[in-house]
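Take a look at the structure below.
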Amino acid sequence: MSITSYFALVPAAGGGARMGTSIPKQYLTLAGRPLIYHPLATLCSVERIERVYVVLAPDDEDWPEEEFVDLASKLRVLRCGGATRAESVANGLREMAAIVTDEDWVLVHDAARACLTVDHVETLIRVVGADIVGGILATPVADTLKHEALARINATVPRDDLWQAQTPQMFRYRLLVRALAAAPSVTDESGAIEALGLKPKLVAADSTNFKVTYPLDLKLAEWILANR
Ligand code: C5P
């Protein structure tokens, strides 16, 4: 039996429109580096992860190659991003085919979750590594949730048993390729696996692994990185 390997795939072909900046948010400066440097450096320093693939838009002219010299032994750049996140991930998986085997694990991580830690990743690998389906990092919902209609509250959504999905989301290569081919419009990998009728595992993380989305989030991420 071959040994199962772990790979990371970081889709980074989005424009980050909600940030309201002219350059894509993954290249905004965070703690003296492009934002995307932080999650890529974290993934590269997880011993179990063999290679880290980052998926850029084919016409991306902002990727600052010189910033990533120290990650060069593990990091590989793929210029095959698509129109949606799911398409970017599917395209990246296709390009990894020569290196990755069907049963290898792929950890898909949002470029904008800049405060990911090695501990987050190792916890996910420890809990999900023996699982038949795979799983994701997530946090239980703390706030009361409201359903909106025309800027008014239409209903209160019971929060019991509700979790906020994060990344990395970890699934075996063949299963993930099959799931995304069957459900190309999902907003995360778990959604595609669920559409096959499978039940990914929830692994409790914490709110520091949030997605930098709005301008204020940059300040929060800066504070978290500085105070670890
Ligand atoms: O837009 P959102 O924050 O949900 O994007 C999540 C991740 O998917 C980001 O890392 C973004 O760069 C990536 N993405 C992508 N290709 C797209 C859209 C988003 O790789 N077409």
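By convention here, the chains of the structure tokens are called A, B, ... in the order presented, each chain's residues are numbered starting at 1, and ligands are numbered starting at 1 in the order presented.
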message: At a cut-off of 7 Å around ligand 1, and using only C-alpha atoms and all ligand atoms, what residues come up? Please write them as a list in words.
response: Val10, Pro11, Ala12, Ala13, Gly14, Gly15, Gly16, Val55, Leu56, Gly81, Gly82, Ala83, Thr84, Arg85, Glu87, Ser88, Val89, Asp110, Ala111, Ala112, Lys211 and Thr213 of chain A
Within 7 Å of segment 136-152 of chain A, counting only C-alpha atoms, which residues show up once you throw out same-chain ones fewer than 6 positions away? Write them as a JSON list (two decimals) with all heavy atoms, in the first residue's frame, please.
[["chain", "number", "residue", "atom", "x", "y", "z"],
["A", 124, "LEU", "N", -6.53, 19.77, 12.05],
["A", 124, "LEU", "CA", -7.39, 19.23, 10.98],
["A", 124, "LEU", "C", -6.84, 17.90, 10.48],
["A", 124, "LEU", "O", -7.59, 16.92, 10.34],
["A", 124, "LEU", "CB", -7.47, 20.25, 9.83],
["A", 124, "LEU", "CG", -8.33, 19.85, 8.64],
["A", 124, "LEU", "CD1", -9.81, 19.83, 9.01],
["A", 124, "LEU", "CD2", -8.11, 20.80, 7.46],
["A", 159, "ARG", "N", -30.04, 28.92, 15.88],
["A", 159, "ARG", "CA", -28.61, 28.75, 15.64],
["A", 159, "ARG", "C", -28.07, 27.42, 16.17],
["A", 159, "ARG", "O", -26.91, 27.09, 15.97],
["A", 159, "ARG", "CB", -27.84, 29.91, 16.24],
["A", 159, "ARG", "CG", -27.83, 29.90, 17.73],
["A", 159, "ARG", "CD", -26.99, 31.00, 18.32],
["A", 159, "ARG", "NE", -27.14, 30.95, 19.76],
["A", 159, "ARG", "CZ", -27.19, 32.00, 20.55],
["A", 159, "ARG", "NH1", -27.08, 33.21, 20.05],
["A", 159, "ARG", "NH2", -27.31, 31.85, 21.85],
["A", 162, "LEU", "N", -25.73, 25.11, 14.19],
["A", 162, "LEU", "CA", -25.19, 25.82, 13.02],
["A", 162, "LEU", "C", -23.71, 26.13, 13.22],
["A", 162, "LEU", "O", -23.30, 26.55, 14.31],
["A", 162, "LEU", "CB", -25.94, 27.13, 12.78],
["A", 162, "LEU", "CG", -27.30, 27.03, 12.12],
["A", 162, "LEU", "CD1", -27.84, 28.42, 11.83],
["A", 162, "LEU", "CD2", -27.24, 26.23, 10.82],
["A", 163, "TRP", "N", -22.94, 25.94, 12.17],
["A", 163, "TRP", "CA", -21.51, 26.22, 12.20],
["A", 163, "TRP", "C", -21.17, 27.13, 11.02],
["A", 163, "TRP", "O", -21.82, 27.08, 9.98],
["A", 163, "TRP", "CB", -20.69, 24.92, 12.06],
["A", 163, "TRP", "CG", -20.76, 24.03, 13.25],
["A", 163, "TRP", "CD1", -21.88, 23.44, 13.77],
["A", 163, "TRP", "CD2", -19.67, 23.64, 14.09],
["A", 163, "TRP", "NE1", -21.54, 22.69, 14.87],
["A", 163, "TRP", "CE2", -20.19, 22.79, 15.09],
["A", 163, "TRP", "CE3", -18.30, 23.90, 14.09],
["A", 163, "TRP", "CZ2", -19.39, 22.21, 16.07],
["A", 163, "TRP", "CZ3", -17.50, 23.32, 15.06],
["A", 163, "TRP", "CH2", -18.05, 22.48, 16.05],
["A", 164, "GLN", "N", -20.11, 27.92, 11.19],
["A", 164, "GLN", "CA", -19.58, 28.73, 10.10],
["A", 164, "GLN", "C", -18.41, 27.97, 9.49],
["A", 164, "GLN", "O", -17.43, 27.66, 10.19],
["A", 164, "GLN", "CB", -19.06, 30.04, 10.65],
["A", 164, "GLN", "CG", -20.06, 31.16, 10.60],
["A", 164, "GLN", "CD", -19.45, 32.44, 11.12],
["A", 164, "GLN", "OE1", -19.33, 32.60, 12.33],
["A", 164, "GLN", "NE2", -19.04, 33.31, 10.22],
["A", 165, "ALA", "N", -18.52, 27.71, 8.20],
["A", 165, "ALA", "CA", -17.45, 26.95, 7.52],
["A", 165, "ALA", "C", -16.22, 27.83, 7.34],
["A", 165, "ALA", "O", -16.32, 29.01, 7.02],
["A", 165, "ALA", "CB", -17.95, 26.47, 6.17],
["A", 166, "GLN", "N", -15.06, 27.25, 7.57],
["A", 166, "GLN", "CA", -13.78, 27.91, 7.28],
["A", 166, "GLN", "C", -13.02, 27.03, 6.30],
["A", 166, "GLN", "O", -13.57, 26.09, 5.71],
["A", 166, "GLN", "CB", -12.96, 28.07, 8.56],
["A", 166, "GLN", "CG", -13.59, 28.96, 9.64],
["A", 166, "GLN", "CD", -12.66, 29.12, 10.83],
["A", 166, "GLN", "OE1", -11.68, 28.38, 11.01],
["A", 166, "GLN", "NE2", -12.96, 30.10, 11.67],
["A", 167, "THR", "N", -11.78, 27.33, 6.14],
["A", 167, "THR", "CA", -10.85, 26.46, 5.41],
["A", 167, "THR", "C", -9.59, 26.35, 6.27],
["A", 167, "THR", "O", -9.41, 27.21, 7.14],
["A", 167, "THR", "CB", -10.48, 27.04, 4.03],
["A", 167, "THR", "OG1", -9.70, 28.23, 4.21],
["A", 167, "THR", "CG2", -11.71, 27.34, 3.19],
["A", 168, "PRO", "N", -8.71, 25.39, 6.08],
["A", 168, "PRO", "CA", -8.73, 24.40, 5.02],
["A", 168, "PRO", "C", -9.91, 23.42, 5.11],
["A", 168, "PRO", "O", -10.44, 23.15, 6.16],
["A", 168, "PRO", "CB", -7.41, 23.62, 5.25],
["A", 168, "PRO", "CG", -6.55, 24.51, 6.05],
["A", 168, "PRO", "CD", -7.46, 25.34, 6.87],
["A", 169, "GLN", "N", -10.26, 22.94, 3.91],
["A", 169, "GLN", "CA", -11.22, 21.86, 3.75],
["A", 169, "GLN", "C", -10.44, 20.71, 3.12],
["A", 169, "GLN", "O", -9.79, 20.89, 2.10],
["A", 169, "GLN", "CB", -12.38, 22.31, 2.87],
["A", 169, "GLN", "CG", -13.06, 23.57, 3.45],
["A", 169, "GLN", "CD", -14.49, 23.77, 3.01],
["A", 169, "GLN", "OE1", -14.96, 23.11, 2.09],
["A", 169, "GLN", "NE2", -15.20, 24.67, 3.67],
["A", 170, "MET", "N", -10.51, 19.56, 3.77],
["A", 170, "MET", "CA", -9.57, 18.47, 3.45],
["A", 170, "MET", "C", -10.30, 17.24, 2.93],
["A", 170, "MET", "O", -11.10, 16.64, 3.65],
["A", 170, "MET", "CB", -8.81, 18.17, 4.75],
["A", 170, "MET", "CG", -7.90, 17.00, 4.71],
["A", 170, "MET", "SD", -6.98, 16.95, 6.29],
["A", 170, "MET", "CE", -6.59, 15.20, 6.30],
["A", 201, "LYS", "N", -16.61, 15.84, 8.18],
["A", 201, "LYS", "CA", -16.45, 16.06, 9.61],
["A", 201, "LYS", "C", -16.23, 17.54, 9.91],
["A", 201, "LYS", "O", -15.55, 18.23, 9.15],
["A", 201, "LYS", "CB", -15.21, 15.27, 10.08],
["A", 201, "LYS", "CG", -15.23, 14.88, 11.50],
["A", 201, "LYS", "CD", -14.16, 13.83, 11.80],
["A", 201, "LYS", "CE", -14.15, 13.45, 13.27],
["A", 201, "LYS", "NZ", -15.42, 12.93, 13.77],
["A", 202, "LEU", "N", -16.81, 18.02, 11.01],
["A", 202, "LEU", "CA", -16.58, 19.40, 11.47],
["A", 202, "LEU", "C", -15.47, 19.37, 12.52],
["A", 202, "LEU", "O", -15.56, 18.63, 13.50],
["A", 202, "LEU", "CB", -17.85, 19.96, 12.10],
["A", 202, "LEU", "CG", -18.96, 20.37, 11.14],
["A", 202, "LEU", "CD1", -20.27, 20.57, 11.90],
["A", 202, "LEU", "CD2", -18.58, 21.65, 10.39],
["A", 203, "VAL", "N", -14.46, 20.19, 12.31],
["A", 203, "VAL", "CA", -13.35, 20.26, 13.26],
["A", 203, "VAL", "C", -13.32, 21.68, 13.81],
["A", 203, "VAL", "O", -13.14, 22.64, 13.05],
["A", 203, "VAL", "CB", -12.02, 19.91, 12.57],
["A", 203, "VAL", "CG1", -10.87, 20.01, 13.56],
["A", 203, "VAL", "CG2", -12.09, 18.52, 11.94],
["A", 204, "ALA", "N", -13.51, 21.82, 15.12],
["A", 204, "ALA", "CA", -13.61, 23.16, 15.73],
["A", 204, "ALA", "C", -12.29, 23.91, 15.63],
["A", 204, "ALA", "O", -11.24, 23.41, 16.04],
["A", 204, "ALA", "CB", -14.03, 23.03, 17.18],
["A", 205, "ALA", "N", -12.37, 25.10, 15.04],
["A", 205, "ALA", "CA", -11.20, 25.98, 14.97],
["A", 205, "ALA", "C", -11.51, 27.19, 15.85],
["A", 205, "ALA", "O", -12.18, 27.06, 16.88],
["A", 205, "ALA", "CB", -10.94, 26.39, 13.53],
["A", 206, "ASP", "N", -11.06, 28.35, 15.50],
["A", 206, "ASP", "CA", -11.41, 29.55, 16.26],
["A", 206, "ASP", "C", -11.54, 30.71, 15.28],
["A", 206, "ASP", "O", -11.16, 30.62, 14.12],
["A", 206, "ASP", "CB", -10.37, 29.84, 17.34],
["A", 206, "ASP", "CG", -9.02, 30.14, 16.75],
["A", 206, "ASP", "OD1", -8.84, 31.26, 16.23],
["A", 206, "ASP", "OD2", -8.14, 29.26, 16.76],
["A", 207, "SER", "N", -12.08, 31.82, 15.81],
["A", 207, "SER", "CA", -12.44, 32.92, 14.91],
["A", 207, "SER", "C", -11.24, 33.68, 14.35],
["A", 207, "SER", "O", -11.41, 34.52, 13.46],
["A", 207, "SER", "CB", -13.40, 33.87, 15.61],
["A", 207, "SER", "OG", -12.78, 34.34, 16.79]]
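Inside segment 25-110 of chain A, the residues DSSP reads as alpha helix (DSSP H) when given the backbone are A:Tyr37, A:His38, A:Pro39, A:Leu40, A:Ala41, A:Thr42, A:Leu43, A:Cys44, A:Arg85, A:Ala86, A:Glu87, A:Ser88, A:Val89, A:Ala90, A:Asn91, A:Gly92, A:Leu93, A:Arg94, A:Glu95.
If you measure from each of A:Leu116, A:Ala221, A:Leu40, A:Ile193 to Gly135 of chain A using only C-alpha atoms, the closest one turns out to be A:Ile193.
A straight line drawn from atom CA of Ile132 of chain A to atom CA of Met96 of chain A is 21.9 Å long.
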- prompt: Which residues, written as a list in words, have at least one atom at most 10 Å from Ser5 of chain A, with only C-alpha atoms counted and residues fewer than 4 positions away on the same chain left out?
  reply: Arg48, Ile49, Glu50, Arg51, Val100, Thr101, Glu103, Asp104, Trp105, Val106 and Arg172 of chain A
Saved selection, atoms kept: all heavy atoms, as a compact mmCIF listing (two decimals), in the first residue's frame:
# COMPACT_ATOMS: atom_id res chain seq x y z
N ARG A 48 3.87 17.84 7.41
CA ARG A 48 3.18 16.76 6.68
C ARG A 48 2.83 17.16 5.24
O ARG A 48 2.58 16.30 4.39
CB ARG A 48 1.87 16.38 7.39
CG ARG A 48 2.05 15.86 8.81
CD ARG A 48 2.65 14.46 8.82
NE ARG A 48 1.83 13.46 8.18
CZ ARG A 48 0.94 12.71 8.81
NH1 ARG A 48 0.70 12.87 10.09
NH2 ARG A 48 0.26 11.77 8.16
N ILE A 49 2.74 18.46 4.98
CA ILE A 49 2.32 18.91 3.64
C ILE A 49 3.52 18.91 2.70
O ILE A 49 4.54 19.55 2.95
CB ILE A 49 1.65 20.30 3.71
CG1 ILE A 49 0.34 20.17 4.50
CG2 ILE A 49 1.39 20.85 2.31
CD1 ILE A 49 -0.45 21.45 4.61
N GLU A 50 3.36 18.15 1.61
CA GLU A 50 4.47 17.95 0.69
C GLU A 50 4.69 19.15 -0.23
O GLU A 50 5.81 19.59 -0.46
CB GLU A 50 4.15 16.73 -0.17
CG GLU A 50 5.34 15.89 -0.46
CD GLU A 50 4.92 14.46 -0.73
OE1 GLU A 50 4.63 13.74 0.24
OE2 GLU A 50 4.85 14.11 -1.91
N ARG A 51 3.59 19.63 -0.81
CA ARG A 51 3.66 20.77 -1.70
C ARG A 51 2.46 21.67 -1.51
O ARG A 51 1.37 21.19 -1.16
CB ARG A 51 3.65 20.30 -3.16
CG ARG A 51 5.02 20.40 -3.78
CD ARG A 51 5.02 19.93 -5.19
NE ARG A 51 6.26 19.21 -5.41
CZ ARG A 51 6.66 18.74 -6.57
NH1 ARG A 51 5.90 18.89 -7.63
NH2 ARG A 51 7.80 18.11 -6.68
N VAL A 100 -0.11 14.09 -7.79
CA VAL A 100 -0.97 13.63 -6.68
C VAL A 100 -1.66 12.33 -7.06
O VAL A 100 -2.11 12.17 -8.19
CB VAL A 100 -2.01 14.73 -6.36
CG1 VAL A 100 -2.91 14.34 -5.22
CG2 VAL A 100 -1.29 16.04 -6.03
N THR A 101 -1.76 11.39 -6.10
CA THR A 101 -2.48 10.16 -6.39
C THR A 101 -3.92 10.26 -5.87
O THR A 101 -4.23 11.11 -5.03
CB THR A 101 -1.79 8.93 -5.74
OG1 THR A 101 -1.94 9.05 -4.33
CG2 THR A 101 -0.31 8.87 -6.09
N GLU A 103 -5.73 8.79 -3.73
CA GLU A 103 -6.04 8.71 -2.29
C GLU A 103 -5.32 9.76 -1.46
O GLU A 103 -5.50 9.83 -0.25
CB GLU A 103 -5.73 7.30 -1.76
CG GLU A 103 -6.60 6.21 -2.38
CD GLU A 103 -8.09 6.52 -2.27
OE1 GLU A 103 -8.56 6.87 -1.18
OE2 GLU A 103 -8.79 6.46 -3.31
N ASP A 104 -4.46 10.56 -2.10
CA ASP A 104 -3.79 11.63 -1.35
C ASP A 104 -4.81 12.64 -0.86
O ASP A 104 -5.86 12.86 -1.47
CB ASP A 104 -2.75 12.34 -2.23
CG ASP A 104 -1.50 11.50 -2.43
OD1 ASP A 104 -1.26 10.58 -1.62
OD2 ASP A 104 -0.77 11.76 -3.41
N TRP A 105 -4.45 13.30 0.25
CA TRP A 105 -5.32 14.34 0.81
C TRP A 105 -4.97 15.69 0.20
O TRP A 105 -3.79 16.01 0.04
CB TRP A 105 -5.14 14.45 2.32
CG TRP A 105 -5.71 13.31 3.09
CD1 TRP A 105 -5.02 12.28 3.66
CD2 TRP A 105 -7.09 13.08 3.42
NE1 TRP A 105 -5.87 11.43 4.32
CE2 TRP A 105 -7.15 11.90 4.18
CE3 TRP A 105 -8.27 13.76 3.15
CZ2 TRP A 105 -8.35 11.38 4.68
CZ3 TRP A 105 -9.47 13.24 3.63
CH2 TRP A 105 -9.50 12.06 4.39
N VAL A 106 -6.00 16.48 -0.11
CA VAL A 106 -5.79 17.86 -0.58
C VAL A 106 -6.47 18.79 0.42
O VAL A 106 -7.65 18.63 0.73
CB VAL A 106 -6.38 18.08 -1.98
CG1 VAL A 106 -6.11 19.50 -2.46
CG2 VAL A 106 -5.81 17.07 -2.98
N ARG A 172 -9.97 13.70 -0.06
CA ARG A 172 -9.06 12.92 -0.90
C ARG A 172 -9.20 13.38 -2.35
O ARG A 172 -10.29 13.74 -2.80
CB ARG A 172 -9.34 11.42 -0.75
CG ARG A 172 -8.91 10.92 0.62
CD ARG A 172 -9.06 9.43 0.73
NE ARG A 172 -8.87 8.98 2.09
CZ ARG A 172 -7.70 8.57 2.59
NH1 ARG A 172 -6.62 8.57 1.84
NH2 ARG A 172 -7.62 8.18 3.84
Distance query Ala114 of chain A at most 7 Å, only C-alpha atoms, self and fewer than 4 positions along chain excluded, as JSON, numbers by chain: {"A": [35, 36, 38, 39]}
Emit the selected residues as a compact mmCIF listing (two decimals), in the first residue's frame, including N, CA, C and O atoms.
# COMPACT_ATOMS: atom_id res chain seq x y z
N LEU A 35 -0.61 40.04 1.69
CA LEU A 35 -1.51 39.26 2.54
C LEU A 35 -1.37 37.75 2.31
O LEU A 35 -1.27 36.97 3.24
N ILE A 36 -1.29 37.36 1.07
CA ILE A 36 -1.27 35.93 0.73
C ILE A 36 0.01 35.23 1.19
O ILE A 36 0.03 34.01 1.33
N HIS A 38 1.21 35.17 4.11
CA HIS A 38 1.03 34.59 5.44
C HIS A 38 0.43 33.17 5.41
O HIS A 38 1.01 32.26 5.98
N PRO A 39 -0.73 32.98 4.74
CA PRO A 39 -1.26 31.60 4.72
C PRO A 39 -0.35 30.64 3.95
O PRO A 39 -0.25 29.46 4.31
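For Thr117 of chain A, the set of protein, DNA and RNA residues having any atom at most 7 Å away, when counting only C-alpha atoms and skipping those fewer than 3 positions along the same chain, is Thr42, His120 and Val121 of chain A.
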message: Rounded to one decimal, what separation in Å do you get between atom CA of Leu9 of chain A and atom CA of Tyr53 of chain A?
response: 4.7 Å
- request: Any chance you could list, as a PyMOL selection string, the residues in segment 31-160 of chain A that come up strand (DSSP E or B) when DSSP is run on the backbone?
  value: chain A and resi 33-34+49-55+75-78+105-108+135-140+145-149+152-157
Produce a file of the selected residues containing C-alpha atoms, as a short mmCIF file (atom, residue, chain, number, x, y, z; two decimals), in the first residue's frame.
data_model
loop_
_atom_site.label_atom_id
_atom_site.label_comp_id
_atom_site.auth_asym_id
_atom_site.auth_seq_id
_atom_site.Cartn_x
_atom_site.Cartn_y
_atom_site.Cartn_z
CA ARG A 33 4.15 41.26 3.41
CA PRO A 34 1.53 40.67 0.72
CA ILE A 49 2.32 18.91 3.64
CA GLU A 50 4.47 17.95 0.69
CA ARG A 51 3.66 20.77 -1.70
CA VAL A 52 1.57 23.92 -1.69
CA TYR A 53 -0.10 24.95 -4.95
CA VAL A 54 -1.42 28.45 -5.43
CA VAL A 55 -3.91 29.10 -8.25
CA LEU A 75 5.43 26.34 -3.30
CA ARG A 76 4.22 25.89 -6.89
CA VAL A 77 2.37 28.58 -8.86
CA LEU A 78 -0.44 27.53 -11.23
CA TRP A 105 -5.32 14.34 0.81
CA VAL A 106 -5.79 17.86 -0.58
CA LEU A 107 -6.27 20.75 1.84
CA VAL A 108 -8.01 23.64 0.03
CA GLY A 135 -13.63 17.38 6.85
CA ILE A 136 -13.29 21.09 7.39
CA LEU A 137 -12.33 23.65 10.01
CA ALA A 138 -15.36 25.54 11.32
CA THR A 139 -16.68 27.46 14.33
CA PRO A 140 -20.06 27.09 16.05
CA LEU A 145 -29.14 34.78 13.01
CA LYS A 146 -31.77 36.77 11.12
CA HIS A 147 -33.20 36.07 7.71
CA GLU A 148 -33.68 39.30 5.74
CA ALA A 149 -36.34 40.32 3.24
CA ARG A 152 -36.39 43.84 7.39
CA ILE A 153 -36.19 40.73 9.50
CA ASN A 154 -38.22 38.01 7.92
CA ALA A 155 -37.39 35.30 10.45
CA THR A 156 -35.02 34.27 13.21
CA VAL A 157 -32.99 31.24 12.25
#
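Comparing A:Leu28, A:Cys80, A:Ala8, A:Ala192 by their smallest distance to Val46 of chain A, the closest is A:Ala8 (using only C-alpha atoms).
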task: Write out as a VMD selection string the residues lying within 10 Å of Glu194 of chain A, counting only C-alpha atoms and excluding same-chain residues fewer than 5 positions away.
output: chain A and resid 133 179 183 189 199 to 200
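In this comparison, which uses only C-alpha atoms, the residue of A:Ile99, A:Met19, A:Ile3, A:Ala182 approaching Ala195 of chain A most closely is A:Ala182.
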message: With distances taken over only C-alpha atoms, which residue among A:Leu30, A:Leu176, A:Phe171, A:Ala226 lies nearest Gly129 of chain A?
response: A:Phe171
